[in-house]
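Down below is the structure, laid out as structure tokens.
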Number of protein chains: 2
Amino acid sequence: MIPQELLKEALRRNRLKSEAFEGFEYIRFTDDFKEVPRGTAIFKDFVVWGYPHIGRIFQLSTGIKEQFSAPFWVEEKVDGYNVRIFQQEGKVYALTRGGYVCPFTTDRIEDFINLKFFEDNPDLVLCAEVAGPENPYVEESPPHVKEDIRFFVFDIMEKNGQRFLPYREKLKLIEKYALPSVESFGLYRKENLDELKALLRRLNEEKKEGVVLKEDSERDKRVKYITSYANLNDIRITSLNMLGLPADYYTNRLLRLALFIEEEGLEKKKELYEELGRAFLEGLFDACRLSREEGKVYRVFRCRFKRRERALMFIEQLKHASVHIQVIERRLERVGEYWLLEFEKVFLNMTGLLGHVLSGGSIID
Amino acid sequence: MIPQELLKEALRRNRLKSEAFEGFEYIRFTDDFKEVPRGTAIFKDFVVWGYPHIGRIFQLSTGIKEQFSAPFWVEEKVDGYNVRIFQQEGKVYALTRGGYVCPFTTDRIEDFINLKFFEDNPDLVLCAEVAGPENPYVEESPPHVKEDIRFFVFDIMEKNGQRFLPYREKLKLIEKYALPSVESFGLYRKENLDELKALLRRLNEEKKEGVVLKEDSERDKRVKYITSYANLNDIRITSLNMLGLPADYYTNRLLRLALFIEEEGLEKKKELYEELGRAFLEGLFDACRLSREEGKVYRVFRCRFKRRERALMFIEQLKHASVHIQVIERRLERVGEYWLLEFEKVFLNMTGLLGHVLSGGSIID
């Protein structure tokens, strides 16, 4: 558990926030604080630790030599949002990375996860990526998820602990309960560099985000490595809202892209330059068009709920938590077996700036 | 003059710094403070005010309508560094934008400026851009300056004042003393939008930076407008040192580029996307190559001095003022009538990060 002293200090430093969800209260860490990661959530009888940061390597050839001293598991990194799923008093909930119980994800767990898992293992927490075109958080979606969302389990941890179950145990539980999971590409050694590079080239062509490498050892060392496709895609998807993101979002991705290509020697070809330029500019042209035609720069999100009240709770929570974004509900209606929620995120920085400069305003920079 | 009260407060707030140059002392404003701009310099008998910030417009069609209520002068904006040249006790000095007396620029004034101007007008200050391939500050250079540097006067102000001489008076003095100046394209009206756009298209093709527009009125309202060439060039030149610049350096330029193209409708062509991608990536590939081959990311600068001692003073001052940059002198030797100083700027952020990740290090971001 977390020592009382640390909790008191975190409270004094304003790193703790009290939240409520469907009749219970909990406390979340709004930021990293000492050894406690952001998103750690404290419930009445247990703590669900925040998902730890994973270091990123920029080149495979030197990276796996430097980082690992034992064979390592390679698994797909899916482009969605990270949740931790757990049970409390017989009900199952999903926490976002930031430590909010998410009404949307919670509402949909039963569609994807065999709940017998939690009956048999009430003290385990499933760490999963939720991805798909109808998720309310991220604009990207893996091309192989054609509609709605899907869950991809990638780790299992225990309540009150920061450690993950050993890899083989995780695989066994995934198999036993037929849990949806990320693809595992098996165990690699440093000597398998060429195979690993070939795998990454294939994932890049398949428009996958990348891989997480997990050392098969007691220390369970992990690093991630991202494809050039994913870096380009991040730029393409977000350039509509360029001013809403920290500016180093882009310089980081440019650097990763350059290092991926530098290692792979993709002949630094014209097509790639063109693709990068297009990724930056097309979103900005779209933003100008939206500003001229509709007076706002926004994107529409849709997601499906089983319970109407959770859709209402979700939209309220999102409105409350959004900074520099205005959330506008468009519709909430029954479609088949779901409640379809449709809403806009209006990007206020882009809307304000483009409105100003397109009508002839000047800026001192 | 600047009120004593304001000076005291600026001192308390740490906005004033005392400097020395060849036997005299002066005080400079290190940042904007209330109505006093950064770079304002206080000498024994007078103040040279900082050069004011000029607002930027992003589109011409709406911008000139919104900004001006009278005809406006259009003149070339040259891509170099901004100096203010003045005399004190019969000697002539140049201040940088930040308010340092620059040993390099000061050393070269007499090569370009008719000093009779200051004999006849001891209370006037020439505001000029210094540009060329052999300048020690900026890596960009107008293509029409083939070697060394040149001075381009664009404003004249009085000591102890913030106002500029009226445009026609400035032109007269430039003519009378044959001062080197930026090109003036004459007086435009709002109705001349098409001509102005044609001018900007021409400047873009000629690889010029852009224009400054100065209202022909008592209030002397000014705005600037930059070509798409200049925005692309800024990216191309600096991408080698991407991590050494504020990240919004790039997002700002991307936005300006998109708005220039959006207004001009340059058919958003493939070549442009390719050029942008190349501008970002080629510098990064160069940085990787330098890191692998030489263990550091750097660029070489050269500049010519008339007096050896000023070259020594310059390099010391530069070493002292540089943050995240290591300045390494390579050579200082007589070449013809000048002392040629050659030095490296080693970009420490890029050198450190690339050294780490190319050897397999990981980063948590």
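If you're wondering about the labels, chains in the structure tokens are A, B, ... by order shown, residues count from 1 in each chain, ligands from 1 in order shown.
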
For Gln87 in chain A, please output as a ChimeraX atom specification all residues within 8 Å (counting only C-alpha atoms; exclusion window: fewer than 6 positions along the same chain).
-> /A:93,118,122-123,125

Which residues in range 32-274 of chain A does DSSP call helix (DSSP H, G or I)? List them as a ChimeraX atom specification.
-> /A:60-67,103-112,116-120,167-176,190-205,228-244,248-264,270-274

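Taking only C-alpha atoms into account, chain B lies nearest to A:Asn241 out of the set A:Thr227, A:Asn241, A:Gln326, A:Asn114.
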
Skipping near chain neighbours, those fewer than 6 positions away, what residues fall within 9 Å of Ile2 in chain B using only C-alpha atoms, listed as a list of chain:residue names?
-> B:Val36, B:Val47, B:Asn160

Just how far from CA of Phe301 in chain A is CA of Phe86 in chain A, in Å to one decimal?
->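 Spanning CA of Phe86 in chain A to CA of Phe301 in chain A is a straight-line distance of 26.4 Å.
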
Name the residues in contact with Arg150 in chain B at a cut-off of 10 Å, using only C-alpha atoms, excluding same-chain residues fewer than 2 positions from it; report them as a list in words.
-> Gly80, Arg108, Ile109, Asp111, Phe112, Ile113, Ala128, Glu129, Val130, Ala131, Gly132, Pro133, Glu134, Asn135, Val145, Lys146, Glu147, Asp148, Phe152, Val153, Pro180 and Ser181 of chain B

Determine which residues of range 80-218 of chain A receive a DSSP assignment of strand (DSSP E), computed from the backbone, and state them as an MDAnalysis selection string.
-> chainID A and resid 81:88 91:96 124:131 150:158 184:188 210:215

Closest atom pairs, residues of chain B within 8 Å of chain A, only C-alpha atoms, as a Markdown table:
| residue | atom | partner | partner_atom | distance |
| --- | --- | --- | --- | --- |
| B:His53 | CA | A:Ile364 | CA | 6.7 |
| B:Ile54 | CA | A:Ile364 | CA | 6.3 |
| B:Gly55 | CA | A:Ile364 | CA | 4.4 |
| B:Arg56 | CA | A:Ser362 | CA | 5.0 |
| B:Ile57 | CA | A:Ser362 | CA | 4.5 |
| B:Phe58 | CA | A:Val357 | CA | 5.9 |
| B:Gln59 | CA | A:Gly360 | CA | 6.4 |
| B:Leu60 | CA | A:Gly360 | CA | 7.4 |
| B:Ser61 | CA | A:Gly360 | CA | 7.5 |
| B:Thr62 | CA | A:Gly360 | CA | 4.3 |
| B:Gly63 | CA | A:Gly360 | CA | 3.5 |
| B:Ile64 | CA | A:Gly360 | CA | 7.0 |
| B:Lys65 | CA | A:Gly360 | CA | 7.1 |
| B:Glu66 | CA | A:Gly360 | CA | 5.4 |
| B:Gln67 | CA | A:Gly360 | CA | 7.2 |
| B:Val223 | CA | A:Ser362 | CA | 7.4 |
| B:Met242 | CA | A:Thr251 | CA | 7.1 |
| B:Leu243 | CA | A:Thr251 | CA | 7.4 |
| B:Ala247 | CA | A:Ala247 | CA | 5.1 |
| B:Asp248 | CA | A:Ala247 | CA | 5.2 |
| B:Tyr250 | CA | A:Ala247 | CA | 7.9 |
| B:Thr251 | CA | A:Ala247 | CA | 6.6 |
| B:Leu254 | CA | A:Leu281 | CA | 7.4 |
| B:Leu255 | CA | A:Leu284 | CA | 7.0 |
| B:Ala258 | CA | A:Leu281 | CA | 6.1 |
| B:Leu259 | CA | A:Cys288 | CA | 7.8 |
| B:Glu262 | CA | A:Phe285 | CA | 6.8 |
| B:Lys270 | CA | A:Glu274 | CA | 6.5 |
| B:Glu271 | CA | A:Glu274 | CA | 7.5 |
| B:Leu272 | CA | A:Gly277 | CA | 7.5 |
| B:Tyr273 | CA | A:Gly277 | CA | 4.0 |
| B:Glu274 | CA | A:Glu274 | CA | 3.8 |
| B:Glu275 | CA | A:Tyr273 | CA | 7.1 |
| B:Leu276 | CA | A:Gly277 | CA | 5.0 |
| B:Gly277 | CA | A:Tyr273 | CA | 4.0 |
| B:Arg278 | CA | A:Tyr273 | CA | 5.3 |
| B:Phe280 | CA | A:Leu254 | CA | 7.5 |
| B:Leu281 | CA | A:Ala258 | CA | 6.2 |
| B:Leu284 | CA | A:Ala258 | CA | 6.3 |
| B:Phe285 | CA | A:Ala258 | CA | 6.5 |
| B:Cys288 | CA | A:Leu259 | CA | 7.8 |
| B:Val357 | CA | A:Phe58 | CA | 5.9 |
| B:Leu358 | CA | A:Gln59 | CA | 6.5 |
| B:Ser359 | CA | A:Thr62 | CA | 5.5 |
| B:Gly360 | CA | A:Gly63 | CA | 3.5 |
| B:Gly361 | CA | A:Gly63 | CA | 6.2 |
| B:Ser362 | CA | A:Ile57 | CA | 4.5 |
| B:Ile363 | CA | A:Gly55 | CA | 5.0 |
| B:Ile364 | CA | A:Gly55 | CA | 4.4 |
| B:Asp365 | CA | A:Gly55 | CA | 7.4 |

Surrounding residues of Tyr167 in chain B excluding itself and chain neighbours under 4 positions, 12 Å, only C-alpha atoms, as a PyMOL selection string = chain B and resi 72-75+154-157+163+171-174+184+186-187+213-222

Pull C-alpha atoms from the residues just selected and write them as a tab-separated table (two decimals), in the first residue's frame.
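As written to disk, result_33.tsv reads:
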chain	number	residue	atom	x	y	z
B	72	PHE	CA	1.15	52.30	-46.81
B	73	TRP	CA	4.76	51.99	-47.88
B	74	VAL	CA	5.95	48.55	-48.87
B	75	GLU	CA	9.56	47.61	-48.40
B	154	PHE	CA	15.27	50.40	-43.04
B	155	ASP	CA	14.50	52.97	-40.35
B	156	ILE	CA	16.00	56.05	-38.76
B	157	MET	CA	15.20	57.11	-35.23
B	163	ARG	CA	9.56	57.21	-32.91
B	171	LEU	CA	14.36	58.29	-47.96
B	172	LYS	CA	15.98	61.74	-48.30
B	173	LEU	CA	18.70	60.93	-45.78
B	174	ILE	CA	19.34	57.55	-47.38
B	184	SER	CA	11.35	50.25	-51.22
B	186	GLY	CA	6.61	52.46	-53.07
B	187	LEU	CA	3.26	53.50	-51.72
B	213	LEU	CA	4.20	47.51	-44.60
B	214	LYS	CA	4.35	50.99	-43.04
B	215	GLU	CA	1.28	53.19	-42.98
B	216	ASP	CA	1.87	56.66	-44.41
B	217	SER	CA	0.32	58.44	-41.44
B	218	GLU	CA	1.10	60.07	-38.15
B	219	ARG	CA	0.60	56.81	-36.24
B	220	ASP	CA	3.11	55.01	-38.52
B	221	LYS	CA	1.36	51.64	-38.09
B	222	ARG	CA	3.45	48.69	-39.27

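CA of Pro143 in chain B sits 23.6 Å away from CA of Val335 in chain B.
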
List the neighbours of Glu110 in chain A out to 12 Å using only C-alpha atoms; skip same-chain residues closer than 6 positions along the sequence, and give me the result as a PyMOL selection string.
-> chain A and resi 85+87+91-94+104+116-118+150-151+179+305-306

Suppose you want the space between CA of Val101 in chain B and CA of Pro37 in chain B; what is it in Å?
->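 If I compute the distance from CA of Val101 in chain B to CA of Pro37 in chain B, I get 16.3 Å.
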
Please provide as a ChimeraX atom specification all residues within 8 Å of Gly295 in chain A, with the sequence filter that same-chain residues fewer than 5 positions apart are discarded (counting only C-alpha atoms).
-> /A:290,351,355
